[in-house]
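J.: Below is entry.tsv; it holds TSV, C-alpha atoms.
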```
chain	number	residue	atom	x	y	z
A	1	MET	CA	27.14	-19.46	-8.92
A	2	ALA	CA	27.26	-17.28	-5.84
A	3	CYS	CA	25.20	-14.69	-7.60
A	4	GLN	CA	22.70	-17.26	-8.82
A	5	ALA	CA	22.26	-18.69	-5.37
A	6	GLU	CA	22.07	-15.35	-3.59
A	7	ASN	CA	19.63	-13.74	-5.95
A	8	ASN	CA	17.33	-16.63	-6.85
A	9	ILE	CA	18.31	-16.57	-10.49
A	10	PRO	CA	16.58	-19.40	-12.30
A	11	ILE	CA	18.54	-22.25	-13.79
A	12	ASN	CA	19.58	-21.43	-17.34
A	13	GLU	CA	18.96	-24.43	-19.50
A	14	GLU	CA	20.73	-24.97	-22.76
A	15	SER	CA	17.71	-23.72	-24.66
A	16	ALA	CA	17.94	-20.41	-22.81
A	17	PHE	CA	21.43	-19.86	-24.18
A	18	ARG	CA	20.36	-20.93	-27.66
A	19	GLU	CA	17.55	-18.39	-27.54
A	20	ASN	CA	19.92	-15.76	-26.16
A	21	ARG	CA	17.60	-15.46	-23.21
A	22	ALA	CA	19.82	-16.70	-20.44
A	23	ILE	CA	19.78	-14.69	-17.23
A	24	GLU	CA	23.20	-14.00	-15.76
A	25	TRP	CA	23.44	-10.99	-13.51
A	26	ILE	CA	27.17	-11.28	-13.69
A	27	ARG	CA	28.80	-12.83	-16.69
A	28	ILE	CA	32.41	-13.21	-17.69
A	29	GLU	CA	33.33	-11.60	-20.96
A	30	ARG	CA	36.26	-13.24	-22.68
A	31	TYR	CA	38.76	-11.47	-24.87
A	32	TRP	CA	41.75	-12.73	-26.78
A	33	THR	CA	44.97	-10.87	-27.02
A	34	ASP	CA	45.97	-9.68	-30.45
A	35	SER	CA	48.05	-12.39	-31.94
A	36	GLU	CA	47.92	-13.94	-35.33
A	37	ASP	CA	48.82	-17.28	-33.92
A	38	PHE	CA	45.87	-18.59	-31.95
A	39	ALA	CA	48.07	-20.78	-29.80
A	40	GLU	CA	50.03	-17.80	-28.57
A	41	SER	CA	47.06	-15.61	-27.75
A	42	SER	CA	45.83	-15.80	-24.24
A	43	PRO	CA	42.34	-15.12	-22.95
A	44	GLN	CA	41.52	-12.10	-20.85
A	45	TYR	CA	38.49	-12.09	-18.65
A	46	LEU	CA	36.26	-9.22	-17.69
A	47	PRO	CA	33.39	-9.66	-15.28
A	48	MET	CA	30.40	-7.85	-16.64
A	49	THR	CA	27.60	-6.78	-14.38
A	50	CYS	CA	25.28	-3.82	-14.06
A	51	GLN	CA	27.50	-0.74	-13.92
A	52	HIS	CA	25.09	1.14	-11.65
A	53	CYS	CA	25.57	4.26	-13.72
A	54	GLY	CA	25.21	7.60	-12.01
A	55	ASN	CA	23.70	8.88	-15.23
A	56	ALA	CA	22.01	5.70	-16.36
A	57	PRO	CA	20.67	5.33	-19.89
A	58	CYS	CA	18.10	2.79	-18.69
A	59	GLU	CA	16.37	5.07	-16.22
A	60	PRO	CA	14.80	7.84	-18.31
A	61	VAL	CA	13.30	5.42	-20.83
A	62	CYS	CA	11.20	3.51	-18.32
A	63	PRO	CA	7.60	4.64	-18.70
A	64	VAL	CA	6.62	3.45	-15.21
A	65	TYR	CA	9.70	4.47	-13.21
A	66	ALA	CA	10.45	0.84	-12.42
A	67	THR	CA	14.13	1.57	-12.64
A	68	TYR	CA	15.43	4.54	-10.77
A	69	HIS	CA	18.35	5.76	-8.74
A	70	THR	CA	18.33	5.18	-5.03
A	71	PRO	CA	19.74	7.85	-2.71
A	72	ASP	CA	22.71	5.58	-2.00
A	73	GLY	CA	23.70	5.48	-5.64
A	74	LEU	CA	22.30	2.15	-6.72
A	75	ASN	CA	20.51	1.69	-9.96
A	76	ALA	CA	17.48	-0.16	-8.65
A	77	GLN	CA	14.93	-2.28	-10.41
A	78	ILE	CA	11.51	-2.41	-8.77
A	79	TYR	CA	9.99	-5.64	-9.96
A	80	ASN	CA	6.40	-4.96	-9.03
A	81	ARG	CA	6.39	-1.75	-11.02
A	82	CYS	CA	7.93	-3.25	-14.12
A	83	ILE	CA	5.53	-3.84	-16.99
A	84	GLY	CA	8.10	-5.41	-19.29
A	85	THR	CA	8.52	-2.89	-22.07
A	86	ARG	CA	12.23	-3.85	-22.32
A	87	TYR	CA	13.15	-0.28	-23.24
A	88	CYS	CA	15.77	-0.26	-20.50
A	89	GLY	CA	17.43	-3.41	-21.78
A	90	ASN	CA	17.46	-1.94	-25.24
A	91	ASN	CA	19.12	1.20	-23.96
A	92	CYS	CA	21.82	-0.47	-21.91
A	93	PRO	CA	25.23	-0.25	-23.59
A	94	TRP	CA	26.54	-3.16	-21.50
A	95	ASN	CA	23.62	-5.54	-22.17
A	96	VAL	CA	23.37	-6.41	-18.53
A	97	ARG	CA	19.61	-6.23	-18.15
A	98	TYR	CA	17.81	-9.52	-18.51
A	99	PHE	CA	14.20	-10.05	-19.38
A	100	ASN	CA	12.23	-12.96	-18.01
A	101	TYR	CA	10.84	-14.52	-21.15
A	102	HIS	CA	9.77	-17.57	-19.17
A	103	ASP	CA	8.58	-18.27	-15.71
A	104	PRO	CA	11.56	-19.09	-13.53
A	105	LYS	CA	12.35	-22.77	-13.32
A	106	PHE	CA	14.01	-24.34	-10.34
A	107	GLU	CA	14.72	-27.95	-9.65
A	108	ASP	CA	12.31	-29.48	-7.16
A	109	THR	CA	15.10	-29.78	-4.66
A	110	PHE	CA	15.56	-26.01	-4.76
A	111	THR	CA	12.25	-25.29	-3.11
A	112	ASN	CA	13.76	-24.69	0.29
A	113	HIS	CA	17.03	-23.36	-1.02
A	114	LEU	CA	15.85	-20.04	-2.41
A	115	ASN	CA	16.97	-16.91	-0.65
A	116	PRO	CA	13.96	-15.63	1.29
A	117	ASP	CA	15.33	-12.09	1.21
A	118	VAL	CA	15.08	-11.80	-2.56
A	119	THR	CA	11.97	-11.77	-4.69
A	120	VAL	CA	11.60	-14.53	-7.24
A	121	ARG	CA	10.91	-12.69	-10.46
A	122	SER	CA	8.05	-13.90	-12.60
A	123	ARG	CA	7.70	-13.95	-16.35
A	124	GLY	CA	7.43	-10.63	-18.14
A	125	ILE	CA	9.66	-8.38	-16.08
A	126	MET	CA	13.17	-7.10	-16.35
A	127	GLU	CA	15.85	-7.90	-13.83
A	128	LYS	CA	19.49	-7.13	-13.32
A	129	CYS	CA	22.27	-6.98	-10.78
A	130	SER	CA	21.01	-5.28	-7.64
A	131	MET	CA	24.49	-5.06	-6.09
A	132	CYS	CA	22.99	-7.42	-3.50
A	133	VAL	CA	20.84	-4.65	-2.09
A	134	GLN	CA	19.46	-7.08	0.49
A	135	ARG	CA	22.96	-7.42	1.90
A	136	ILE	CA	23.47	-3.67	1.85
A	137	ARG	CA	20.24	-3.09	3.76
A	138	ARG	CA	21.12	-5.80	6.24
A	139	GLY	CA	24.63	-4.41	6.76
A	140	VAL	CA	23.24	-0.95	7.33
A	141	ARG	CA	20.74	-2.27	9.85
A	142	GLU	CA	23.30	-4.28	11.74
A	143	ALA	CA	25.66	-1.34	11.97
A	144	ARG	CA	22.78	0.72	13.31
A	145	TYR	CA	21.91	-1.87	15.95
A	146	ASP	CA	25.52	-1.88	17.08
A	147	GLY	CA	25.42	1.91	17.16
A	148	ARG	CA	28.40	2.44	14.90
A	149	GLU	CA	29.20	3.83	11.52
A	150	LEU	CA	29.45	1.50	8.57
A	151	GLN	CA	32.96	0.27	8.10
A	152	ASP	CA	34.82	-0.99	5.12
A	153	GLY	CA	34.07	-4.66	4.66
A	154	ASP	CA	30.79	-4.68	6.58
A	155	ILE	CA	28.94	-5.27	3.37
A	156	MET	CA	29.99	-7.61	0.65
A	157	PRO	CA	28.04	-8.62	-2.44
A	158	ALA	CA	27.91	-12.32	-3.17
A	159	CYS	CA	30.33	-12.02	-6.10
A	160	ALA	CA	32.93	-10.22	-4.02
A	161	GLN	CA	32.52	-12.67	-1.18
A	162	THR	CA	33.05	-15.69	-3.35
A	163	CYS	CA	35.96	-14.37	-5.43
A	164	PRO	CA	39.07	-16.24	-4.25
A	165	THR	CA	41.49	-13.62	-5.51
A	166	ASN	CA	39.61	-10.58	-4.17
A	167	ALA	CA	39.28	-9.27	-7.69
A	168	ILE	CA	35.97	-7.65	-6.86
A	169	ILE	CA	35.96	-5.06	-4.14
A	170	PHE	CA	32.99	-3.22	-2.75
A	171	GLY	CA	33.02	-0.16	-0.59
A	172	ASP	CA	32.09	3.41	0.13
A	173	LEU	CA	33.53	5.83	-2.39
A	174	ASN	CA	32.59	8.78	-0.19
A	175	ASN	CA	34.95	7.57	2.46
A	176	PRO	CA	38.51	8.53	1.45
A	177	ASP	CA	39.98	5.82	3.70
A	178	SER	CA	38.06	2.93	2.19
A	179	GLN	CA	39.85	0.42	0.06
A	180	VAL	CA	37.84	1.28	-3.05
A	181	SER	CA	38.58	4.97	-2.76
A	182	GLN	CA	42.27	4.27	-2.71
A	183	MET	CA	42.05	1.89	-5.64
A	184	VAL	CA	39.95	4.29	-7.66
A	185	ALA	CA	42.68	6.86	-7.15
A	186	SER	CA	45.09	4.55	-8.96
A	187	ASP	CA	46.08	5.55	-12.47
A	188	ARG	CA	45.15	2.06	-13.61
A	189	ASN	CA	41.55	2.88	-12.90
A	190	TYR	CA	39.24	3.24	-15.87
A	191	GLU	CA	35.55	3.17	-16.66
A	192	LEU	CA	34.14	0.69	-19.10
A	193	PHE	CA	32.66	2.67	-22.02
A	194	GLY	CA	33.68	5.76	-20.12
A	195	GLU	CA	33.30	7.79	-23.30
A	196	LEU	CA	29.53	7.43	-23.01
A	197	GLY	CA	29.55	9.63	-19.95
A	198	THR	CA	27.20	7.51	-17.89
A	199	ALA	CA	29.31	7.82	-14.74
A	200	PRO	CA	29.33	4.11	-13.87
A	201	GLY	CA	29.40	3.11	-10.23
A	202	LEU	CA	31.73	0.30	-11.20
A	203	THR	CA	35.20	0.91	-12.45
A	204	TYR	CA	37.89	-1.49	-13.50
A	205	LEU	CA	41.59	-1.58	-12.86
A	206	ALA	CA	43.76	-2.23	-15.86
A	207	LYS	CA	45.88	-5.30	-15.58
A	208	VAL	CA	49.60	-4.93	-15.40
A	209	ASP	CA	50.97	-7.34	-17.94
A	210	VAL	CA	54.16	-8.69	-16.42
A	211	ASP	CA	55.13	-10.44	-19.64
A	212	ALA	CA	55.19	-7.25	-21.68
A	213	GLU	CA	58.44	-5.47	-22.27
A	214	GLU	CA	59.42	-2.97	-19.62
A	215	HIS	CA	56.35	-4.00	-17.67
A	216	SER	CA	54.24	-1.52	-19.52
A	217	GLU	CA	50.63	-1.21	-18.49
A	218	GLU	CA	48.23	-2.45	-21.07
A	219	GLU	CA	44.96	-0.75	-20.60
A	220	GLU	CA	43.01	-3.08	-22.84
A	221	HIS	CA	43.71	-6.04	-20.64
A	222	ALA	CA	41.45	-5.18	-17.83
A	223	ALA	CA	41.19	-7.81	-15.21
A	224	VAL	CA	40.65	-6.34	-11.81
A	225	PRO	CA	37.21	-4.88	-11.50
A	226	GLN	CA	36.06	-3.06	-8.46
A	227	SER	CA	32.67	-1.87	-7.57
A	228	PRO	CA	32.74	1.36	-5.67
A	229	VAL	CA	29.13	1.94	-4.90
A	230	ILE	CA	28.46	5.11	-3.04
A	231	TRP	CA	25.99	4.76	-0.27
A	232	MET	CA	24.43	7.33	1.91
A	233	THR	CA	25.30	7.67	5.54
A	234	VAL	CA	22.66	5.98	7.57
A	235	ASN	CA	20.43	7.95	9.81
A	236	GLY	CA	17.58	6.77	11.97
B	1	MET	CA	-41.10	-1.80	-29.50
B	2	PHE	CA	-37.92	0.10	-28.90
B	3	ARG	CA	-37.88	2.16	-25.74
B	4	ASN	CA	-35.14	4.57	-25.12
B	5	PRO	CA	-33.63	3.48	-21.78
B	6	TYR	CA	-32.79	7.05	-20.85
B	7	VAL	CA	-36.44	7.92	-21.22
B	8	ALA	CA	-37.65	4.76	-19.54
B	9	TYR	CA	-35.49	4.98	-16.45
B	10	GLY	CA	-34.92	8.68	-16.38
B	11	VAL	CA	-31.79	10.15	-14.94
B	12	LEU	CA	-30.82	6.95	-13.11
B	13	ALA	CA	-29.77	5.28	-16.34
B	14	SER	CA	-27.68	8.15	-17.64
B	15	PRO	CA	-24.01	7.24	-18.16
B	16	GLY	CA	-22.79	9.96	-15.81
B	17	ILE	CA	-24.76	8.70	-12.84
B	18	LEU	CA	-23.84	5.09	-13.58
B	19	LEU	CA	-20.20	6.04	-13.68
B	20	VAL	CA	-20.37	7.91	-10.39
B	21	VAL	CA	-22.27	5.10	-8.67
B	22	GLY	CA	-19.89	2.55	-10.16
B	23	ILE	CA	-16.80	4.32	-8.92
B	24	ALA	CA	-18.31	4.82	-5.47
B	25	THR	CA	-19.25	1.15	-5.26
B	26	PHE	CA	-15.79	0.10	-6.37
B	27	LEU	CA	-14.11	2.30	-3.80
B	28	ILE	CA	-16.32	0.97	-1.02
B	29	LEU	CA	-15.69	-2.62	-2.09
B	30	GLN	CA	-11.98	-2.01	-2.33
B	31	ARG	CA	-11.93	-0.65	1.20
B	32	THR	CA	-14.00	-3.45	2.67
B	33	LEU	CA	-14.44	-6.69	0.76
B	34	LEU	CA	-11.25	-6.57	-1.26
B	35	ALA	CA	-9.02	-5.52	1.61
B	36	PRO	CA	-6.73	-8.27	2.91
B	37	THR	CA	-8.12	-7.56	6.34
B	38	ALA	CA	-11.42	-8.91	5.15
B	39	GLN	CA	-9.95	-12.36	4.58
B	40	ALA	CA	-11.55	-15.00	6.72
B	41	ALA	CA	-9.22	-16.26	9.41
B	42	PRO	CA	-8.07	-19.70	8.25
B	43	ASP	CA	-8.56	-22.85	10.30
B	44	GLN	CA	-5.30	-24.25	11.56
B	45	PRO	CA	-4.48	-27.97	11.65
B	46	ILE	CA	-4.06	-27.66	15.39
B	47	ASP	CA	-6.09	-25.11	17.34
B	48	PHE	CA	-3.11	-23.38	18.82
B	49	PRO	CA	-4.44	-21.08	21.52
B	50	HIS	CA	-2.55	-17.80	21.61
B	51	THR	CA	-5.00	-16.91	24.35
B	52	VAL	CA	-3.29	-19.47	26.58
B	53	HIS	CA	0.33	-19.02	25.55
B	54	ALA	CA	0.49	-15.28	25.01
B	55	GLY	CA	-2.50	-14.38	27.19
B	56	MET	CA	-2.67	-16.62	30.24
B	57	LEU	CA	1.00	-17.62	30.42
B	58	GLU	CA	2.18	-14.21	29.20
B	59	LEU	CA	4.95	-15.69	27.12
B	60	ASP	CA	6.90	-13.18	25.11
B	61	CYS	CA	6.27	-13.36	21.35
B	62	THR	CA	9.96	-13.98	20.73
B	63	PHE	CA	9.88	-16.93	23.11
B	64	CYS	CA	8.44	-18.93	20.22
B	65	HIS	CA	8.91	-16.67	17.20
B	66	ARG	CA	12.58	-16.49	17.95
B	67	ALA	CA	13.86	-14.96	14.76
B	68	ALA	CA	11.61	-11.89	15.00
B	69	SER	CA	14.21	-9.71	16.66
B	70	GLU	CA	17.16	-10.99	14.66
B	71	GLU	CA	16.00	-11.94	11.19
B	72	PRO	CA	13.75	-10.49	8.51
B	73	HIS	CA	11.31	-13.36	8.94
B	74	ALA	CA	9.77	-13.90	12.34
B	75	GLY	CA	9.42	-17.59	11.66
B	76	LEU	CA	7.25	-20.31	13.07
B	77	PRO	CA	8.67	-22.42	15.86
B	78	ALA	CA	9.68	-25.93	14.96
B	79	LEU	CA	7.77	-28.75	16.62
B	80	GLU	CA	10.88	-29.40	18.64
B	81	GLN	CA	10.37	-26.06	20.25
B	82	CYS	CA	6.79	-26.93	21.19
B	83	MET	CA	8.15	-30.07	22.77
B	84	PHE	CA	10.48	-28.13	25.05
B	85	CYS	CA	7.44	-27.61	27.24
B	86	HIS	CA	5.01	-30.22	26.00
B	87	THR	CA	7.16	-33.19	26.85
B	88	ALA	CA	6.11	-32.28	30.37
B	89	VAL	CA	2.86	-30.44	29.77
B	90	GLN	CA	0.50	-33.14	28.50
B	91	PRO	CA	-2.99	-32.82	29.94
B	92	GLU	CA	-4.80	-36.00	28.94
B	93	ASP	CA	-8.15	-34.42	28.19
B	94	ASN	CA	-6.72	-32.10	25.56
B	95	GLU	CA	-7.21	-33.39	22.02
B	96	GLN	CA	-5.13	-30.65	20.43
B	97	ILE	CA	-2.01	-31.56	22.34
B	98	GLY	CA	-2.71	-35.12	21.26
B	99	LEU	CA	-2.48	-33.96	17.65
B	100	LEU	CA	0.83	-32.29	18.43
B	101	LEU	CA	2.23	-35.42	20.06
B	102	GLU	CA	1.01	-37.53	17.16
B	103	ALA	CA	2.84	-35.34	14.66
B	104	TRP	CA	5.94	-35.33	16.85
B	105	ASN	CA	5.99	-39.09	17.34
B	106	ASN	CA	5.44	-39.74	13.62
B	107	TYR	CA	8.20	-37.31	12.61
B	108	GLU	CA	5.71	-35.21	10.69
B	109	GLY	CA	5.51	-31.48	10.43
B	110	VAL	CA	2.39	-29.46	11.05
B	111	GLU	CA	1.29	-27.53	8.02
B	112	TRP	CA	0.15	-24.26	9.51
B	113	GLU	CA	-1.98	-21.96	7.41
B	114	ARG	CA	-0.39	-18.63	6.72
B	115	VAL	CA	-2.51	-15.76	7.96
B	116	HIS	CA	-0.59	-12.64	6.94
B	117	GLN	CA	-0.11	-12.94	3.20
B	118	LEU	CA	2.23	-10.30	1.90
B	119	PRO	CA	2.99	-10.43	-1.81
B	120	ASP	CA	6.30	-11.98	-2.74
B	121	HIS	CA	7.75	-8.70	-3.98
B	122	VAL	CA	7.51	-7.09	-0.55
B	123	GLN	CA	10.29	-7.71	1.90
B	124	PHE	CA	9.04	-6.95	5.37
B	125	VAL	CA	11.91	-7.02	7.82
B	126	HIS	CA	10.72	-7.99	11.28
B	127	GLU	CA	13.99	-7.27	13.07
B	128	ALA	CA	14.12	-3.69	11.83
B	129	HIS	CA	10.71	-2.92	13.27
B	130	ILE	CA	11.19	-4.78	16.53
B	131	ASN	CA	14.60	-3.17	17.08
B	132	ALA	CA	13.12	0.23	16.32
B	133	GLY	CA	10.96	-0.33	19.38
B	134	PHE	CA	7.63	-1.29	17.87
B	135	GLU	CA	5.41	-3.76	19.64
B	136	CYS	CA	4.32	-6.81	17.67
B	137	SER	CA	0.74	-5.76	18.36
B	138	THR	CA	1.23	-2.59	16.30
B	139	CYS	CA	0.64	-4.70	13.21
B	140	HIS	CA	-0.59	-8.04	14.53
B	141	GLY	CA	-3.17	-6.73	17.00
B	142	ASP	CA	-3.87	-8.14	20.42
B	143	VAL	CA	-2.93	-11.70	19.63
B	144	GLU	CA	-3.36	-12.78	23.23
B	145	GLU	CA	-7.10	-12.18	22.94
B	146	MET	CA	-7.61	-13.96	19.63
B	147	GLU	CA	-9.04	-17.47	19.66
B	148	LYS	CA	-8.10	-17.73	16.01
B	149	ILE	CA	-5.39	-15.53	14.59
B	150	LYS	CA	-6.65	-13.09	12.01
B	151	GLN	CA	-5.18	-10.14	10.21
B	152	VAL	CA	-6.22	-6.89	11.83
B	153	ARG	CA	-4.26	-4.37	9.86
B	154	ASP	CA	-4.60	-3.36	6.24
B	155	LEU	CA	-0.92	-4.06	5.45
B	156	ARG	CA	-1.15	-2.65	1.99
B	157	MET	CA	1.42	-0.25	0.68
B	158	ASP	CA	-0.31	2.96	1.70
B	159	ASP	CA	-0.56	1.58	5.21
B	160	CYS	CA	3.18	0.88	5.25
B	161	VAL	CA	4.11	4.20	3.68
B	162	GLU	CA	1.94	6.25	6.03
B	163	CYS	CA	3.54	4.60	9.03
B	164	HIS	CA	7.01	5.06	7.56
B	165	LEU	CA	6.31	8.76	6.99
B	166	ASP	CA	4.97	9.20	10.51
B	167	ASN	CA	8.12	7.64	11.95
B	168	GLU	CA	10.56	9.27	9.54
B	169	ALA	CA	11.57	5.88	8.18
B	170	PRO	CA	12.92	5.71	4.62
B	171	ILE	CA	10.34	5.40	1.87
B	172	ASP	CA	12.84	4.68	-0.86
B	173	CYS	CA	11.52	1.84	-3.07
B	174	THR	CA	14.41	-0.46	-2.26
B	175	THR	CA	13.59	-0.26	1.43
B	176	CYS	CA	11.03	-2.99	0.85
B	177	HIS	CA	11.13	-4.00	-2.81
B	178	TYR	CA	14.15	-5.97	-3.88
```
Mind turning this structure into structure tokens?

T.:
Amino acid sequence: MACQAENNIPINEESAFRENRAIEWIRIERYWTDSEDFAESSPQYLPMTCQHCGNAPCEPVCPVYATYHTPDGLNAQIYNRCIGTRYCGNNCPWNVRYFNYHDPKFEDTFTNHLNPDVTVRSRGIMEKCSMCVQRIRRGVREARYDGRELQDGDIMPACAQTCPTNAIIFGDLNNPDSQVSQMVASDRNYELFGELGTAPGLTYLAKVDVDAEEHSEEEEHAAVPQSPVIWMTVNG
Amino acid sequence: MFRNPYVAYGVLASPGILLVVGIATFLILQRTLLAPTAQAAPDQPIDFPHTVHAGMLELDCTFCHRAASEEPHAGLPALEQCMFCHTAVQPEDNEQIGLLLEAWNNYEGVEWERVHQLPDHVQFVHEAHINAGFECSTCHGDVEEMEKIKQVRDLRMDDCVECHLDNEAPIDCTTCHY
């Protein structure tokens, strides 16, 4: 919900899900633990959003350079360049790029509730998680006005802000003191589909299953994602 | 009787010349007629005189457009803000202030016509430019001398990018497009 409100994501009607054309920049993947008895298996949840790969499969296939890597390490989608070939969505191993098959629909009451800092995407273009780039830009500007360096916690994407258990953490990976840097150093840290070698900007922390014998770490049960996006130091 | 047009009109009708003339015409039109600057200045529901407020009274732009130095959107003042002064300033012979009072007393808004139409996919951040030390008139022209506000600057992407390059501002796509 936070993501939908922040980024002007249109309301997904039931038909959108039936057509497999729903737009959810962040979705929750659900897994079930291995157990033959359904009643004993418990669900595991994994938030799935654009991984902001350092070596992104979606970028080289775009014929118009609508998706590219920003200097601060974001995988950006430039809506006005996009011509809707959908190659990028086809090439994304995480299926986190969403194509606007329809014009966005909002309830009439939403007219004055859209975020003015984010473009409303029209039919025929691709969109995806932008890591709330409007918030990043704003945070960078405000730090500059105050004449200070960016600090940990200055910038927070909508998903991280709304998460009650702080399961999503955003920060500067170049700064060794930041919270993300320390969490990435943990041996619970892993990349989703790391074997593909796309160098995701998002990594996940494996959940420690307290019910398991000897408190062993079960890597499959990932629950704590973190999003260490690297941004450039601001100048000028 | 069939007449070969190339023969009839000579070199003027040859495809090469037509192409050259066509391209030249298009470029000239694009620079003049098609430019946003060529848009006619729209009539406003109330003839708000910037000449009086910004010119004669020398009010600062941010006195009314308060968000300009703090928010991406400069914003139009609410009627309430007009009434800060116009509860007292009500010359009887002025019809335009009458329109303002009428809207205020009837709890109606005034539907101003937007003059500077940027496409939706461009995010122009007013605060960044104001805080970088630019005058409003850099883009908006000498508003205090305009009877009717009109767009004076091209405000297309090459205009933005040239200025960004001159001032060593970032020209990364996500600076403006997100």

J.: Per residue of chain A within 8 Å of chain B, which atom pair is closest and at what distance in Å (one decimal), using only C-alpha atoms, listed by chain and increasing number, as a Markdown table?

T.:
```
| residue | atom | partner | partner_atom | distance |
| --- | --- | --- | --- | --- |
| A:Thr70 | CA | B:Asp172 | CA | 6.9 |
| A:Pro71 | CA | B:Asp172 | CA | 7.8 |
| A:Ala76 | CA | B:Thr174 | CA | 7.1 |
| A:Gln77 | CA | B:Tyr178 | CA | 7.5 |
| A:Ile78 | CA | B:His177 | CA | 6.2 |
| A:Tyr79 | CA | B:His121 | CA | 7.1 |
| A:Asn80 | CA | B:His121 | CA | 6.4 |
| A:Asp117 | CA | B:Gln123 | CA | 6.7 |
| A:Val118 | CA | B:Tyr178 | CA | 6.0 |
| A:Thr119 | CA | B:His121 | CA | 5.3 |
| A:Val120 | CA | B:Asp120 | CA | 7.4 |
| A:Ser130 | CA | B:Tyr178 | CA | 7.9 |
| A:Val133 | CA | B:Tyr178 | CA | 7.1 |
| A:Gln134 | CA | B:Tyr178 | CA | 7.0 |
| A:Arg137 | CA | B:Thr175 | CA | 7.6 |
| A:Arg141 | CA | B:Ala128 | CA | 7.1 |
| A:Tyr145 | CA | B:Asn131 | CA | 7.5 |
| A:Gly236 | CA | B:Ala169 | CA | 7.2 |
```

J.: Give me a file of those residues, with C-alpha atoms, as a PDB file, in the coordinates of the input.

T.:
```
ATOM      1  CA  THR A  70      18.330   5.180  -5.030  1.00  0.00           C
ATOM      2  CA  PRO A  71      19.740   7.850  -2.710  1.00  0.00           C
ATOM      3  CA  ALA A  76      17.480  -0.160  -8.650  1.00  0.00           C
ATOM      4  CA  GLN A  77      14.930  -2.280 -10.410  1.00  0.00           C
ATOM      5  CA  ILE A  78      11.510  -2.410  -8.770  1.00  0.00           C
ATOM      6  CA  TYR A  79       9.990  -5.640  -9.960  1.00  0.00           C
ATOM      7  CA  ASN A  80       6.400  -4.960  -9.030  1.00  0.00           C
ATOM      8  CA  ASP A 117      15.330 -12.090   1.210  1.00  0.00           C
ATOM      9  CA  VAL A 118      15.080 -11.800  -2.560  1.00  0.00           C
ATOM     10  CA  THR A 119      11.970 -11.770  -4.690  1.00  0.00           C
ATOM     11  CA  VAL A 120      11.600 -14.530  -7.240  1.00  0.00           C
ATOM     12  CA  SER A 130      21.010  -5.280  -7.640  1.00  0.00           C
ATOM     13  CA  VAL A 133      20.840  -4.650  -2.090  1.00  0.00           C
ATOM     14  CA  GLN A 134      19.460  -7.080   0.490  1.00  0.00           C
ATOM     15  CA  ARG A 137      20.240  -3.090   3.760  1.00  0.00           C
ATOM     16  CA  ARG A 141      20.740  -2.270   9.850  1.00  0.00           C
ATOM     17  CA  TYR A 145      21.910  -1.870  15.950  1.00  0.00           C
ATOM     18  CA  GLY A 236      17.580   6.770  11.970  1.00  0.00           C
TER      19      GLY A 236
END
```

J.: Given the point (23.5, 2.1, -11.7) in the file's coordinates, find the residues that have an atom at most 10 Å from it, counting all atoms listed in the file, and give them as a list in words.

T.: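 Using all atoms listed in the file, the matching residues come out as Cys50, Gln51, His52, Cys53, Gly54, Asn55, Ala56, Pro57, Cys58, Glu59, Thr67, Tyr68, His69, Thr70, Gly73, Leu74, Asn75, Ala76, Gln77, Cys129, Ser130, Met131, Thr198, Ala199, Pro200, Gly201, Leu202 and Val229 of chain A.
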
J.: In the coordinate frame of the file, compute which residues have an atom within 9 Å of (-5.8, -16.2, 16.8) when using all atoms listed in the file, and state them as a ChimeraX atom specification.

T.: /B:41,47-51,143-151

J.: Pick from A:Ala2, A:Leu205, A:Cys132, A:Leu173: nearest to A:Arg188, with only C-alpha atoms counted?

T.: A:Leu205

J.: Using only C-alpha atoms, which residue out of A:Lys105, A:Thr203, A:Arg121, A:Arg144 lies closest to A:Asp187?

T.: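 Going through A:Lys105, A:Thr203, A:Arg121, A:Arg144 one by one, the smallest distance to A:Asp187 is for A:Thr203.
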
J.: Separation of atom CA of A:Ala22 and atom CA of B:Leu118, in Å?

T.: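 According to the coordinates, atom CA of A:Ala22 and atom CA of B:Leu118 are separated by 29.1 Å.
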